file input.tsv (TSV, C-alpha atoms)
chain	number	residue	atom	x	y	z
A	142	MET	CA	87.50	92.62	126.14
A	143	THR	CA	86.59	95.63	128.25
A	144	VAL	CA	83.28	95.91	130.07
A	145	CYS	CA	82.00	99.37	129.07
A	146	THR	CA	78.95	101.30	130.18
A	147	VAL	CA	77.48	104.19	128.22
A	148	ILE	CA	75.13	106.48	130.13
A	149	GLY	CA	73.05	108.45	127.64
A	150	LEU	CA	72.05	106.69	124.43
A	151	GLY	CA	71.22	109.73	122.37
A	152	GLU	CA	73.01	110.47	119.11
A	153	ALA	CA	76.54	110.72	120.54
A	154	GLY	CA	76.13	108.02	123.17
A	155	ALA	CA	74.64	105.56	120.68
A	156	THR	CA	77.52	106.26	118.29
A	157	TYR	CA	80.17	105.41	120.88
A	158	ALA	CA	78.22	102.41	122.16
A	159	ALA	CA	77.88	100.95	118.67
A	160	ALA	CA	81.57	101.51	117.94
A	161	LEU	CA	82.59	99.80	121.18
A	162	VAL	CA	80.38	96.80	120.37
A	163	ALA	CA	81.93	96.61	116.89
A	164	ALA	CA	85.39	96.64	118.50
A	165	GLY	CA	84.50	93.55	120.51
A	166	HIS	CA	83.81	95.08	123.92
A	167	HIS	CA	80.94	94.11	126.20
A	168	VAL	CA	78.73	97.22	126.35
A	169	LYS	CA	75.94	98.05	128.77
A	170	GLY	CA	73.83	101.18	128.52
A	171	PHE	CA	71.25	103.29	130.25
A	172	ASP	CA	69.00	106.10	129.10
A	173	PRO	CA	65.59	106.92	130.58
A	174	VAL	CA	64.17	108.36	127.36
A	175	ALA	CA	66.10	107.18	124.26
A	176	PRO	CA	63.60	105.19	122.13
A	177	SER	CA	66.10	102.65	120.81
A	178	THR	CA	69.18	100.72	121.90
A	179	PRO	CA	72.15	100.10	119.60
A	180	ALA	CA	72.52	96.48	118.51
A	181	GLY	CA	74.65	94.49	120.93
A	182	VAL	CA	74.18	96.88	123.86
A	183	VAL	CA	72.62	95.45	127.03
A	184	ARG	CA	70.27	98.11	128.30
A	185	ALA	CA	69.85	98.39	132.08
A	186	SER	CA	66.88	99.76	134.00
A	187	THR	CA	68.95	102.19	136.10
A	188	ALA	CA	72.28	103.99	135.73
A	189	ALA	CA	73.70	102.26	138.81
A	190	GLU	CA	72.71	98.84	137.43
A	191	ALA	CA	74.42	99.65	134.13
A	192	CYS	CA	77.63	100.61	135.96
A	193	ALA	CA	77.88	97.51	138.14
A	194	GLY	CA	81.00	95.58	137.14
A	195	ALA	CA	82.07	98.10	134.49
A	196	ASP	CA	85.73	98.69	133.73
A	197	ILE	CA	84.94	102.10	132.25
A	198	VAL	CA	81.85	104.31	132.17
A	199	LEU	CA	81.26	106.90	129.45
A	200	VAL	CA	78.73	109.57	130.40
A	201	LEU	CA	77.16	111.29	127.38
A	202	THR	CA	74.15	113.01	128.91
A	203	GLY	CA	73.30	116.70	128.96
A	204	ALA	CA	75.43	118.78	131.30
A	205	ALA	CA	72.51	119.41	133.67
A	206	ALA	CA	72.30	115.68	134.43
A	207	ALA	CA	76.02	115.20	135.07
A	208	PRO	CA	76.00	115.73	138.87
A	209	PHE	CA	73.04	113.38	139.39
A	210	VAL	CA	74.57	110.66	137.21
A	211	ALA	CA	77.92	110.95	139.01
A	212	GLU	CA	76.31	110.75	142.44
A	213	GLU	CA	74.45	107.59	141.43
A	214	CYS	CA	77.20	105.85	139.52
A	215	LEU	CA	80.56	106.69	141.10
A	216	PRO	CA	79.90	104.98	144.45
A	217	VAL	CA	79.14	101.62	142.79
A	218	LEU	CA	82.28	101.47	140.66
A	219	ALA	CA	85.16	99.18	141.54
A	220	GLU	CA	88.61	100.30	142.59
A	221	GLY	CA	90.71	101.17	139.55
A	222	SER	CA	87.83	101.46	137.11
A	223	CYS	CA	87.33	104.65	135.09
A	224	TYR	CA	84.48	107.16	135.05
A	225	ALA	CA	84.68	109.41	131.98
A	226	ASP	CA	82.39	112.43	131.85
A	227	PHE	CA	81.85	113.65	128.27
A	228	THR	CA	79.25	116.28	129.21
A	229	SER	CA	79.84	119.95	128.44
A	230	SER	CA	79.91	120.88	132.12
A	231	ALA	CA	81.87	123.87	133.42
A	232	PRO	CA	85.46	123.20	134.58
A	233	GLN	CA	84.46	123.86	138.20
A	234	VAL	CA	81.69	121.26	137.94
A	235	MET	CA	84.19	118.71	136.60
A	236	GLN	CA	86.49	119.46	139.53
A	237	GLU	CA	83.63	118.92	141.97
A	238	LEU	CA	82.57	115.64	140.34
A	239	GLY	CA	86.17	114.45	140.46
A	240	ARG	CA	86.11	114.86	144.24
A	241	ILE	CA	83.10	112.57	144.80
A	242	PRO	CA	84.36	109.61	146.89
A	243	SER	CA	84.92	106.59	144.66
A	244	GLY	CA	87.46	103.96	143.80
A	245	ALA	CA	87.12	104.90	140.15
A	246	LEU	CA	89.57	107.13	138.31
A	247	PHE	CA	87.72	110.24	137.10
A	248	ALA	CA	88.29	111.67	133.61
A	249	ASP	CA	87.01	114.91	132.13
A	250	VAL	CA	86.53	114.41	128.38
A	251	ALA	CA	86.04	117.23	125.87
A	252	ILE	CA	84.67	116.35	122.45
A	253	LEU	CA	86.43	118.56	119.89
A	254	GLY	CA	84.36	117.97	116.80
A	255	PRO	CA	80.96	116.92	115.47
A	256	VAL	CA	80.20	113.32	116.50
A	257	PRO	CA	77.32	113.01	113.95
A	258	THR	CA	79.81	113.40	111.09
A	259	GLU	CA	83.06	112.04	112.57
A	260	GLY	CA	81.64	109.29	114.78
A	261	ALA	CA	83.94	107.58	117.28
A	262	ARG	CA	86.91	109.09	115.39
A	263	THR	CA	86.02	112.57	116.67
A	264	PRO	CA	89.07	114.19	118.32
A	265	LEU	CA	89.01	114.28	122.11
A	266	MET	CA	90.88	116.03	124.89
A	267	VAL	CA	90.94	114.37	128.28
A	268	SER	CA	92.26	115.28	131.74
A	269	GLY	CA	92.27	113.76	135.19
A	270	PRO	CA	93.43	110.44	136.67
A	271	GLY	CA	91.38	108.35	134.23
A	272	SER	CA	92.90	109.93	131.11
A	273	ALA	CA	95.08	106.97	130.16
A	274	ALA	CA	92.13	104.56	130.38
A	275	VAL	CA	90.03	106.73	128.06
A	276	ALA	CA	92.88	106.98	125.55
A	277	ALA	CA	93.49	103.21	125.68
A	278	LEU	CA	89.81	102.50	124.96
A	279	LEU	CA	89.05	105.11	122.29
A	280	ALA	CA	92.31	105.65	120.42
A	281	PRO	CA	92.03	102.19	118.79
A	282	LEU	CA	88.65	103.31	117.41
A	283	GLY	CA	90.48	106.01	115.45
A	284	ALA	CA	90.04	108.94	117.83
A	285	ASP	CA	92.88	111.42	118.28
A	286	VAL	CA	92.96	111.56	122.09
A	287	GLU	CA	95.06	114.37	123.57
A	288	ILE	CA	95.78	114.24	127.30
A	289	ALA	CA	95.80	117.71	128.87
A	290	ASP	CA	97.92	118.59	131.86
A	291	GLY	CA	96.01	119.16	135.07
A	292	GLU	CA	93.17	117.73	137.07
A	293	PRO	CA	89.54	117.20	135.98
A	294	GLY	CA	88.24	120.39	134.39
A	295	ALA	CA	91.37	121.10	132.37
A	296	ALA	CA	90.01	119.44	129.24
A	297	MET	CA	86.70	121.26	129.53
A	298	ALA	CA	88.49	124.59	130.02
A	299	HIS	CA	90.16	124.03	126.66
A	300	LYS	CA	86.85	123.10	125.03
A	301	LEU	CA	84.99	126.14	126.36
A	302	LEU	CA	87.74	128.46	125.12
A	303	ARG	CA	87.45	126.76	121.72
A	304	SER	CA	83.69	127.24	121.87
A	305	VAL	CA	84.17	131.02	122.04
A	306	LEU	CA	85.59	130.73	118.54
A	307	MET	CA	83.66	127.84	117.05
A	308	LYS	CA	80.15	128.61	118.30
A	309	GLY	CA	80.66	132.35	117.93
A	310	LEU	CA	82.07	131.98	114.42
A	311	ALA	CA	79.26	129.66	113.41
A	312	SER	CA	76.68	132.15	114.71
A	313	VAL	CA	78.32	135.03	112.86
A	314	VAL	CA	78.43	133.02	109.61
A	315	VAL	CA	74.76	132.07	109.96
A	316	GLU	CA	73.83	135.70	110.59
A	317	ALA	CA	75.90	136.97	107.66
A	318	VAL	CA	74.57	134.39	105.20
A	319	THR	CA	70.99	134.97	106.37
A	320	ALA	CA	71.42	138.70	105.82
A	321	GLY	CA	73.09	138.10	102.46
A	322	ARG	CA	70.21	135.92	101.35
A	323	ALA	CA	67.69	138.57	102.39
A	324	ALA	CA	69.64	141.16	100.41
A	325	GLY	CA	69.93	138.94	97.34
A	326	LEU	CA	73.70	138.67	97.84
A	327	GLU	CA	74.15	135.24	99.36
A	328	GLU	CA	76.78	133.96	96.92
A	329	TRP	CA	78.80	137.16	97.30
A	330	ILE	CA	78.85	137.01	101.11
A	331	ARG	CA	79.70	133.29	100.99
A	332	GLY	CA	82.73	134.17	98.88
A	333	GLN	CA	83.78	136.86	101.36
A	334	ILE	CA	83.52	134.41	104.26
A	335	ALA	CA	85.48	131.72	102.42
A	336	ARG	CA	88.31	134.16	101.67
A	337	GLN	CA	88.54	135.24	105.30
A	338	LEU	CA	88.75	131.63	106.50
A	339	ALA	CA	91.60	130.78	104.10
A	340	GLY	CA	95.27	131.71	104.17
A	341	ASP	CA	97.71	132.41	107.01
A	342	GLY	CA	95.67	131.89	110.16
A	343	GLN	CA	98.25	133.36	112.57
A	344	ALA	CA	98.53	136.51	110.45
A	345	VAL	CA	94.75	136.90	110.48
A	346	ILE	CA	94.69	136.53	114.28
A	347	ASP	CA	97.37	139.22	114.69
A	348	ARG	CA	95.52	141.51	112.29
A	349	PHE	CA	92.30	141.07	114.27
A	350	LEU	CA	94.02	141.65	117.62
A	351	VAL	CA	95.81	144.82	116.53
A	352	GLY	CA	93.27	146.27	114.11
A	353	THR	CA	90.18	145.74	116.25
A	354	ALA	CA	91.60	147.56	119.25
A	355	LYS	CA	93.10	150.33	117.10
A	356	HIS	CA	89.92	151.06	115.14
A	357	ALA	CA	87.31	150.14	117.76
A	358	GLN	CA	85.65	153.56	117.91
A	359	ARG	CA	85.08	153.85	114.17
A	360	ARG	CA	84.06	150.21	113.82
A	361	SER	CA	81.57	150.43	116.69
A	362	LYS	CA	79.59	153.04	114.74
A	363	GLU	CA	79.80	150.92	111.59
A	364	MET	CA	78.47	147.87	113.42
A	365	GLN	CA	75.65	149.86	114.99
A	366	ASP	CA	74.64	150.96	111.50
A	367	THR	CA	75.00	147.37	110.26
A	368	ALA	CA	72.73	146.09	113.02
A	369	GLY	CA	70.15	148.68	112.05
A	370	TYR	CA	70.36	147.66	108.41
A	371	LEU	CA	69.84	143.98	109.25
A	372	ALA	CA	67.00	144.52	111.69
A	373	ASP	CA	65.18	147.41	110.07
A	374	ASP	CA	65.78	147.03	106.34
A	375	LEU	CA	66.38	143.31	105.84
A	376	LYS	CA	64.16	142.15	108.75
A	377	VAL	CA	66.63	139.47	109.82
A	378	PRO	CA	68.15	138.72	113.24
A	379	ALA	CA	71.15	140.84	114.22
A	380	GLU	CA	72.18	139.49	117.65
A	381	MET	CA	75.81	138.86	116.73
A	382	THR	CA	76.18	142.20	114.98
A	383	THR	CA	74.61	144.01	117.93
A	384	ALA	CA	76.93	142.19	120.33
A	385	ALA	CA	79.95	143.09	118.20
A	386	ALA	CA	78.92	146.75	118.27
A	387	ALA	CA	78.67	146.65	122.07
A	388	ALA	CA	82.05	144.95	122.37
A	389	LEU	CA	83.65	147.57	120.14
A	390	VAL	CA	82.15	150.37	122.23
A	391	ARG	CA	83.75	148.78	125.31
A	392	MET	CA	87.12	148.37	123.58
A	393	ALA	CA	87.07	151.96	122.37
A	394	ALA	CA	86.78	153.12	126.00
A	395	GLU	CA	89.66	150.97	127.25
A	396	PRO	CA	93.27	152.18	127.39
A	397	ALA	CA	95.23	151.17	124.31
A	398	GLN	CA	97.55	148.18	124.76
A	399	PRO	CA	101.00	147.87	123.16
A	400	ALA	CA	100.93	145.52	120.19
A	401	ALA	CA	103.33	143.13	121.97
A	402	ALA	CA	100.83	142.69	124.78
A	403	LEU	CA	98.28	141.27	122.37
A	404	ARG	CA	100.42	138.17	121.60
call {"tool": "encode", "arguments": {"input": "input.tsv", "output": "structure tokens"}}
result
Amino acid sequence: MTVCTVIGLGEAGATYAAALVAAGHHVKGFDPVAPSTPAGVVRASTAAEACAGADIVLVLTGAAAAPFVAEECLPVLAEGSCYADFTSSAPQVMQELGRIPSGALFADVAILGPVPTEGARTPLMVSGPGSAAVAALLAPLGADVEIADGEPGAAMAHKLLRSVLMKGLASVVVEAVTAGRAAGLEEWIRGQIARQLAGDGQAVIDRFLVGTAKHAQRRSKEMQDTAGYLADDLKVPAEMTTAAAAALVRMAAEPAQPAAALR
């Protein structure tokens, strides 16, 4: 049985805490605002109190709180324990937290999926000296835990690059479907989106890389007109379309790159 501490008992933290209890671990927790505590979790009055005697600490707070939590908790941890930061902090912040004096092994953990739907089985990427401890604890819960090369911050660098795609794609889909609904064409635009997301992914990437740069000037004008149509005619938000138009204007002004350089 591992003595685990979960700092942050919101949706994600409560999910991991409950799963660890179900797996037979002793789980302590701390959260200054969460209204409830998962069954079986011993809730402490401070973060430092929750961490005392812990074999591993999982931090699932907002990124803004990460430095304060680390400064309070790392100094009280025993030699050889693990401190795993799951917050979406910048890679540089993870590097700085990993340098705080402590006997604990620091791990930078990137959550690579939606915890509300996948629970403790959500895929993870982890880096830093505490990586093996995180994998040993969470892989038995069903999580696919990938250990990234490099020091703390490496896992988060991967996640933030993925976020360019996932959060950007999600925002574009929301904007397109919202516009389609306003135009009375929601089912049609949904079909267009579904077709673009299917098929040979690598071929689509290559087509985007080559075609976007090649046709940037023409497409920038098209996207400017599209943004005007959304904002003026349909009266719906057009932030992603406007941003795409600006990006295409920039690309049109840049020197053309050989196709091989885009791979």
call {"tool": "residues_near_point", "arguments": {"input": "input.tsv", "point": "(81.7, 115.9, 132.3)", "cutoff": "9 Å", "atoms": "all atoms listed in the file", "output": "CSV table (one decimal) with C-alpha atoms, in the frame of the given file"}}
result
chain,number,residue,atom,x,y,z
A,200,VAL,CA,78.7,109.6,130.4
A,201,LEU,CA,77.2,111.3,127.4
A,202,THR,CA,74.2,113.0,128.9
A,204,ALA,CA,75.4,118.8,131.3
A,207,ALA,CA,76.0,115.2,135.1
A,208,PRO,CA,76.0,115.7,138.9
A,225,ALA,CA,84.7,109.4,132.0
A,226,ASP,CA,82.4,112.4,131.8
A,227,PHE,CA,81.8,113.6,128.3
A,228,THR,CA,79.2,116.3,129.2
A,229,SER,CA,79.8,120.0,128.4
A,230,SER,CA,79.9,120.9,132.1
A,231,ALA,CA,81.9,123.9,133.4
A,232,PRO,CA,85.5,123.2,134.6
A,234,VAL,CA,81.7,121.3,137.9
A,235,MET,CA,84.2,118.7,136.6
A,238,LEU,CA,82.6,115.6,140.3
A,248,ALA,CA,88.3,111.7,133.6
A,249,ASP,CA,87.0,114.9,132.1
A,250,VAL,CA,86.5,114.4,128.4
A,251,ALA,CA,86.0,117.2,125.9
A,293,PRO,CA,89.5,117.2,136.0
A,294,GLY,CA,88.2,120.4,134.4
A,297,MET,CA,86.7,121.3,129.5
call {"tool": "residues_near_point", "arguments": {"input": "input.tsv", "point": "(81.8, 107.9, 146.5)", "cutoff": "8 Å", "atoms": "all atoms listed in the file", "output": "ChimeraX atom specification"}}
result
/A:212,215-217,241-244
call {"tool": "write_last_selection", "arguments": {"input": "input.tsv", "atoms": "C-alpha atoms", "output": "short mmCIF file (atom, residue, chain, number, x, y, z; two decimals), in the frame of the given file"}}
result
data_model
loop_
_atom_site.label_atom_id
_atom_site.label_comp_id
_atom_site.auth_asym_id
_atom_site.auth_seq_id
_atom_site.Cartn_x
_atom_site.Cartn_y
_atom_site.Cartn_z
CA GLU A 212 76.31 110.75 142.44
CA LEU A 215 80.56 106.69 141.10
CA PRO A 216 79.90 104.98 144.45
CA VAL A 217 79.14 101.62 142.79
CA ILE A 241 83.10 112.57 144.80
CA PRO A 242 84.36 109.61 146.89
CA SER A 243 84.92 106.59 144.66
CA GLY A 244 87.46 103.96 143.80
#
call {"tool": "atom_distance", "arguments": {"input": "input.tsv", "atom1": "atom CA of Leu282 of chain A", "atom2": "atom CA of Gly260 of chain A"}}
result
9.6 Å
call {"tool": "atom_distance", "arguments": {"input": "input.tsv", "atom1": "atom CA of Ala163 of chain A", "atom2": "atom CA of Val256 of chain A"}}
result
16.8 Å
call {"tool": "residues_around", "arguments": {"input": "input.tsv", "residues": "Cys214 of chain A", "least_positions_apart": "4", "cutoff": "9 Å", "atoms": "all atoms listed in the file", "output": "MDAnalysis selection string"}}
result
chainID A and resid 188:193 198 209:210 218 224
call {"tool": "residues_around", "arguments": {"input": "input.tsv", "residues": "Pro179 of chain A", "least_positions_apart": "4", "cutoff": "9 Å", "atoms": "only C-alpha atoms", "output": "ChimeraX atom specification"}}
result
/A:150,155-156,158-159,162,183
call {"tool": "residues_around", "arguments": {"input": "input.tsv", "residues": "Ala324 of chain A", "least_positions_apart": "2", "cutoff": "12 Å", "atoms": "all atoms listed in the file", "output": "PyMOL selection string"}}
result
chain A and resi 317-322+326-330+370-371+374-377
call {"tool": "atom_distance", "arguments": {"input": "input.tsv", "atom1": "atom CA of Ala245 of chain A", "atom2": "atom CA of Glu292 of chain A"}}
result
14.5 Å
call {"tool": "residues_around", "arguments": {"input": "input.tsv", "residues": "Leu161 of chain A", "least_positions_apart": "2", "cutoff": "12 Å", "atoms": "only C-alpha atoms", "output": "ChimeraX atom specification"}}
result
/A:142-147,154-159,163-170,179-182,197-199,260-262,278-283
call {"tool": "residues_around", "arguments": {"input": "input.tsv", "residues": "segment 345-358 of chain A", "least_positions_apart": "3", "cutoff": "7 Å", "atoms": "only C-alpha atoms", "output": "list in words"}}
result
Asp341, Gly342, Ser361, Lys362, Leu389, Val390, Met392, Ala393, Ala400 and Leu403 of chain A
call {"tool": "closest_residue", "arguments": {"input": "input.tsv", "among": "A:Ala185, A:Ala385, A:Met307, A:Val313", "to": "Pro255 of chain A", "atoms": "only C-alpha atoms"}}
result
A:Met307
call {"tool": "closest_residue", "arguments": {"input": "input.tsv", "among": "A:Asp196, A:Glu380, A:Glu152, A:Glu316", "to": "Pro176 of chain A", "atoms": "all atoms listed in the file"}}
result
A:Glu152
call {"tool": "closest_residue", "arguments": {"input": "input.tsv", "among": "A:Val305, A:Ala388, A:Val314, A:Met266", "to": "Gly291 of chain A", "atoms": "all atoms listed in the file"}}
result
A:Met266
call {"tool": "closest_residue", "arguments": {"input": "input.tsv", "among": "A:Ala153, A:Glu363, A:Gly221, A:Lys300", "to": "Thr383 of chain A", "atoms": "only C-alpha atoms"}}
result
A:Glu363
call {"tool": "closest_residue", "arguments": {"input": "input.tsv", "among": "A:Ala386, A:Ile148, A:Ala344, A:Ala195", "to": "Ser222 of chain A", "atoms": "only C-alpha atoms"}}
result
A:Ala195
call {"tool": "closest_residue", "arguments": {"input": "input.tsv", "among": "A:Gly151, A:Arg184, A:Glu237, A:Ala384", "to": "Ser312 of chain A", "atoms": "all atoms listed in the file"}}
result
A:Ala384
